[in-house]
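Participant: Contents of coords.csv (CSV, C-alpha atoms and all ligand atoms):
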chain,number,residue,atom,x,y,z
A,242,MET,CA,0.0,0.0,0.0
A,243,SER,CA,1.3,3.4,-0.9
A,244,SER,CA,2.1,5.7,2.0
A,245,ASP,CA,1.6,8.9,-0.1
A,246,TYR,CA,-1.3,11.0,1.3
A,247,LYS,CA,-3.5,12.6,-1.3
A,248,ASN,CA,-6.3,14.2,0.7
A,249,ILE,CA,-5.5,15.5,4.2
A,250,LEU,CA,-8.2,16.8,6.6
A,251,LEU,CA,-7.4,19.3,9.3
A,252,ALA,CA,-9.9,19.2,12.2
A,253,VAL,CA,-10.3,22.7,13.7
A,254,ASP,CA,-12.0,23.5,17.1
A,255,PHE,CA,-10.7,27.1,17.2
A,256,SER,CA,-8.9,26.5,20.5
A,257,LYS,CA,-5.6,28.4,21.0
A,258,ASP,CA,-3.4,25.7,19.2
A,259,SER,CA,-5.5,25.6,16.0
A,260,GLU,CA,-2.9,27.6,14.0
A,261,LEU,CA,0.0,25.5,15.2
A,262,ILE,CA,-1.8,22.3,14.2
A,263,GLY,CA,-2.6,24.0,10.9
A,264,GLN,CA,1.1,24.7,10.2
A,265,ARG,CA,1.9,21.0,10.8
A,266,ALA,CA,-0.9,20.0,8.4
A,267,ILE,CA,0.4,22.4,5.8
A,268,ASP,CA,3.9,21.0,6.1
A,269,LEU,CA,2.6,17.5,5.5
A,270,ALA,CA,0.4,18.6,2.6
A,271,ARG,CA,3.4,20.2,0.9
A,272,ARG,CA,5.6,17.2,1.4
A,273,TYR,CA,3.0,14.8,-0.1
A,274,GLU,CA,1.6,17.3,-2.6
A,275,ALA,CA,-1.8,16.5,-1.1
A,276,LYS,CA,-5.0,18.6,-1.1
A,277,LEU,CA,-5.6,20.0,2.4
A,278,SER,CA,-9.2,20.6,3.6
A,279,LEU,CA,-10.3,22.1,6.9
A,280,ILE,CA,-13.3,21.1,8.9
A,281,HIS,CA,-15.1,22.5,11.9
A,282,VAL,CA,-18.1,20.8,13.3
A,283,VAL,CA,-20.7,23.0,15.0
A,284,ILE,CA,-22.1,21.1,17.9
A,285,ASN,CA,-25.8,20.7,17.5
A,286,LEU,CA,-27.5,22.8,20.2
A,287,LYS,CA,-30.5,20.6,20.2
A,288,ASP,CA,-28.3,17.7,21.3
A,289,ALA,CA,-26.3,19.9,23.8
A,290,PHE,CA,-29.1,21.6,25.7
A,291,TYR,CA,-32.5,20.9,27.1
A,292,GLU,CA,-35.4,21.6,24.9
A,293,GLN,CA,-36.7,24.2,27.3
A,294,ILE,CA,-33.6,26.3,26.8
A,295,MET,CA,-33.6,25.8,23.1
A,296,SER,CA,-37.2,27.0,22.8
A,297,SER,CA,-36.2,30.3,24.4
A,298,LEU,CA,-33.6,31.0,21.7
A,299,SER,CA,-34.3,32.6,18.4
A,300,GLU,CA,-35.2,30.1,15.7
A,301,ASN,CA,-32.3,30.9,13.4
A,302,VAL,CA,-29.6,31.0,16.2
A,303,GLU,CA,-28.1,27.7,14.9
A,304,GLU,CA,-27.9,29.1,11.3
A,305,GLN,CA,-26.1,32.2,12.7
A,306,ILE,CA,-23.6,30.1,14.6
A,307,ILE,CA,-23.0,28.0,11.4
A,308,GLN,CA,-22.4,31.3,9.4
A,309,LEU,CA,-20.0,32.6,12.1
A,310,ALA,CA,-18.1,29.3,12.1
A,311,LYS,CA,-17.8,29.5,8.3
A,312,GLN,CA,-16.4,33.0,8.5
A,313,GLN,CA,-13.9,32.0,11.3
A,314,LEU,CA,-12.8,28.9,9.3
A,315,HIS,CA,-12.3,31.1,6.1
A,316,THR,CA,-10.2,33.5,8.2
A,317,LEU,CA,-8.0,30.6,9.4
A,318,ALA,CA,-7.8,29.2,5.9
A,319,GLN,CA,-6.7,32.6,4.5
A,320,ARG,CA,-4.0,32.9,7.2
A,321,LEU,CA,-2.8,29.4,6.3
A,322,GLU,CA,-3.0,30.2,2.6
A,323,ILE,CA,-5.5,27.4,1.9
A,324,PRO,CA,-8.3,28.1,-0.6
A,325,THR,CA,-11.6,28.8,1.3
A,326,THR,CA,-13.3,26.4,-1.1
A,327,ASN,CA,-11.5,23.6,0.9
A,328,CYS,CA,-13.4,24.6,4.1
A,329,ILE,CA,-16.1,22.2,5.4
A,330,VAL,CA,-18.6,23.1,8.1
A,331,GLU,CA,-20.8,20.3,9.5
A,332,LEU,CA,-23.5,20.3,12.2
A,333,GLY,CA,-23.7,17.5,14.8
A,334,SER,CA,-21.2,15.7,17.0
A,335,PRO,CA,-17.5,16.5,16.2
A,336,LYS,CA,-16.7,12.8,15.8
A,337,ARG,CA,-19.6,12.0,13.4
A,338,GLY,CA,-19.0,15.2,11.4
A,339,ILE,CA,-15.3,14.5,10.9
A,340,LEU,CA,-16.0,10.8,9.9
A,341,LYS,CA,-18.7,11.9,7.5
A,342,ALA,CA,-16.2,14.3,5.8
A,343,VAL,CA,-13.6,11.5,5.6
A,344,GLU,CA,-16.0,9.4,3.6
A,345,GLU,CA,-17.3,12.2,1.4
A,346,HIS,CA,-13.9,13.7,0.6
A,347,ASP,CA,-11.9,10.5,0.2
A,348,ILE,CA,-9.6,11.6,3.1
A,349,ASP,CA,-6.5,9.4,3.8
A,350,LEU,CA,-5.1,11.4,6.7
A,351,ILE,CA,-6.8,13.3,9.5
A,352,VAL,CA,-4.6,15.9,11.4
A,353,MET,CA,-5.9,17.0,14.8
A,354,GLY,CA,-4.8,18.1,18.2
A,355,SER,CA,-4.2,15.5,20.9
A,356,HIS,CA,-6.3,17.9,23.1
A,357,GLY,CA,-8.6,20.7,22.4
A,358,LEU,CA,-11.6,22.2,24.2
A,359,SER,CA,-12.5,19.0,26.0
A,360,GLY,CA,-9.7,19.3,28.4
A,361,TRP,CA,-6.9,17.3,30.0
A,362,ASP,CA,-8.4,14.4,32.0
A,363,ASN,CA,-7.0,11.7,29.7
A,364,LEU,CA,-4.0,11.0,27.5
A,365,LEU,CA,-6.2,12.0,24.5
A,366,GLY,CA,-9.2,14.4,24.4
A,367,SER,CA,-12.6,12.9,23.8
A,368,THR,CA,-12.9,13.9,20.2
A,369,ALA,CA,-9.3,12.8,19.4
A,370,ASP,CA,-9.9,9.4,21.1
A,371,ALA,CA,-13.3,8.8,19.4
A,372,VAL,CA,-11.9,9.7,15.9
A,373,LEU,CA,-8.8,7.6,16.4
A,374,HIS,CA,-10.9,4.5,17.3
A,375,LYS,CA,-13.3,4.8,14.4
A,376,ALA,CA,-11.4,6.4,11.5
A,377,PRO,CA,-10.9,4.3,8.4
A,378,CYS,CA,-7.7,6.2,7.6
A,379,ASP,CA,-4.5,7.3,9.4
A,380,VAL,CA,-4.9,9.9,12.1
A,381,LEU,CA,-2.1,12.2,13.3
A,382,ALA,CA,-2.8,13.6,16.8
A,383,ILE,CA,-0.4,16.6,17.2
A,384,ARG,CA,0.8,16.4,20.8
A,385,LEU,CA,0.0,19.6,22.6
A,386,SER,CA,1.3,20.6,26.0
A,387,SER,CA,-1.2,22.0,28.5
A,401,LIG,P1,-10.7,17.2,22.0
A,401,LIG,O1,-10.5,15.7,21.9
A,401,LIG,O2,-12.2,17.5,21.9
A,401,LIG,O3,-10.1,17.8,23.2
A,401,LIG,O4,-10.1,17.9,20.8
A,401,LIG,C1,-8.9,17.3,20.1
A,401,LIG,C2,-8.9,17.8,18.7
A,401,LIG,O5,-10.1,17.4,18.0
A,401,LIG,C3,-8.8,19.3,18.5
A,401,LIG,O6,-7.5,19.8,18.6
A,401,LIG,C4,-9.4,19.4,17.1
A,401,LIG,O7,-8.3,19.0,16.1
A,401,LIG,C5,-10.4,18.3,17.0
A,401,LIG,N1,-11.8,18.8,17.3
A,401,LIG,C6,-12.4,18.9,18.5
A,401,LIG,N2,-13.6,19.5,18.4
A,401,LIG,C7,-13.8,19.7,17.1
A,401,LIG,C8,-14.9,20.3,16.3
A,401,LIG,N3,-16.0,20.7,16.9
A,401,LIG,N4,-14.7,20.4,15.0
A,401,LIG,C9,-13.5,20.0,14.4
A,401,LIG,N5,-12.5,19.4,15.1
A,401,LIG,C10,-12.6,19.3,16.4
Starting from the coordinates I provided, produce the structure as structure tokens.

Facilitator:
Amino acid sequence: MSSDYKNILLAVDFSKDSELIGQRAIDLARRYEAKLSLIHVVINLKDAFYEQIMSSLSENVEEQIIQLAKQQLHTLAQRLEIPTTNCIVELGSPKRGILKAVEEHDIDLIVMGSHGLSGWDNLLGSTADAVLHKAPCDVLAIRLSS
């Protein structure tokens, strides 16, 4: 099996190390002459909060959050000199969103942080751990210090 990567996916949670992880992904994409895509998964508010709280929010609040996430991802892509057309925004659980994009975009390497917003209780954060166990392709967890 060839070890050349053709389609790399960078998982972005907008935590403080996102740019550093991005630089590592760019480095790999250049070495392998691979396409680099960025994904952010907006956590579905309906899954995250009680229905009561959700009903007190404006109807299109989720759409506004998705649009803000798109803008923020485009800004990061521009800083990293990646075409904004390579940006993917999904709604749902981060694990499911990342794995969906892997299938749809023929991804052969996922680059992510060992830890992000979910904290430092374990060797890996919860998203990193879940993706590592389920991904059908290689996963590079960039080791981050606390
Ligand atoms: P965590 O396991 O949640 O602490 O995060 C580890 C890494 O998973 C982060 O550094 C990101 O690369 C990725 N990640 C976490 N949450 C998301 C998200 N909502 N969308 C995309 N990637 C994410």

Participant: Give me, as number ranges by chain, all polymer residues having an atom no more than 7 Å from Ile348 in chain A, counting all atoms listed in the file and skipping those fewer than 5 positions away in the same chain.

Facilitator: A: 248-250, 343

Participant: Compile the contact shell of His281 in chain A as a list of chain:residue names: residues with an atom at most 7 Å away, counting only C-alpha atoms, same-chain residues fewer than 2 positions apart removed.

Facilitator: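 Final neighbour list, sorted by chain and number: A:Ala252, A:Val253, A:Asp254, A:Leu279, A:Val283, A:Ile329, A:Val330, A:Glu331.
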
Participant: Please identify every polymer residue within 6 Å of ligand LIG 401 (chain A), using only C-alpha atoms and all ligand atoms, and present the set as a PyMOL selection string.

Facilitator: chain A and resi 252-254+280-283+335+353-360+366-369

Participant: Suppose you want the space between CA of Asp268 in chain A and CA of Ile339 in chain A; what is it in Å?

Facilitator: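 Taking CA of Asp268 in chain A and CA of Ile339 in chain A, their separation equals 20.8 Å.
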
Participant: Here is a test: counting all atoms listed in the file, which residue of A:Leu340, A:Leu251, A:Arg384, A:Glu260 is nearest to Thr316 in chain A?

Facilitator: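 Nearest to Thr316 in chain A: A:Glu260.
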
Participant: Between A:Lys311, A:Lys336, A:Lys247, A:Lys341, which has the minimum distance to Ala270 in chain A (counting all atoms listed in the file)?

Facilitator: A:Lys247

Participant: CA of Ser278 in chain A and CA of Pro324 in chain A, how far apart in Å?

Facilitator: 8.6 Å

Participant: What is the CA of Ser259 in chain A-CA of Arg320 in chain A distance in Å, reported with one decimal?

Facilitator: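 The value is 11.5 Å.
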
Participant: May I ask which of the residues A:Phe255, A:Lys276, A:Val372, A:Gly338 is the closest one to Leu314 in chain A, counting all atoms listed in the file?

Facilitator: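 Nearest candidate to Leu314 in chain A out of A:Phe255, A:Lys276, A:Val372, A:Gly338: A:Phe255.
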
Participant: Pick from A:Ile323, A:Leu269, A:Cys328, A:Gln313: nearest to Ser256 in chain A, with only C-alpha atoms counted?

Facilitator: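 Counting only C-alpha atoms, the residue closest to Ser256 in chain A is A:Gln313.
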
Participant: For Leu381 in chain A, list every protein, DNA or RNA residue within 8 Å, evaluated using only C-alpha atoms, and leave out those in the same chain fewer than 6 positions away; present the list as number ranges by chain.

Facilitator: A: 350-353

Participant: Produce a file of the selected residues containing C-alpha atoms, as a PDB file, keeping the file's coordinate frame.

Facilitator:
ATOM      1  CA  LEU A 350      -5.100  11.400   6.700  1.00  0.00           C
ATOM      2  CA  ILE A 351      -6.800  13.300   9.500  1.00  0.00           C
ATOM      3  CA  VAL A 352      -4.600  15.900  11.400  1.00  0.00           C
ATOM      4  CA  MET A 353      -5.900  17.000  14.800  1.00  0.00           C
TER       5      MET A 353
END
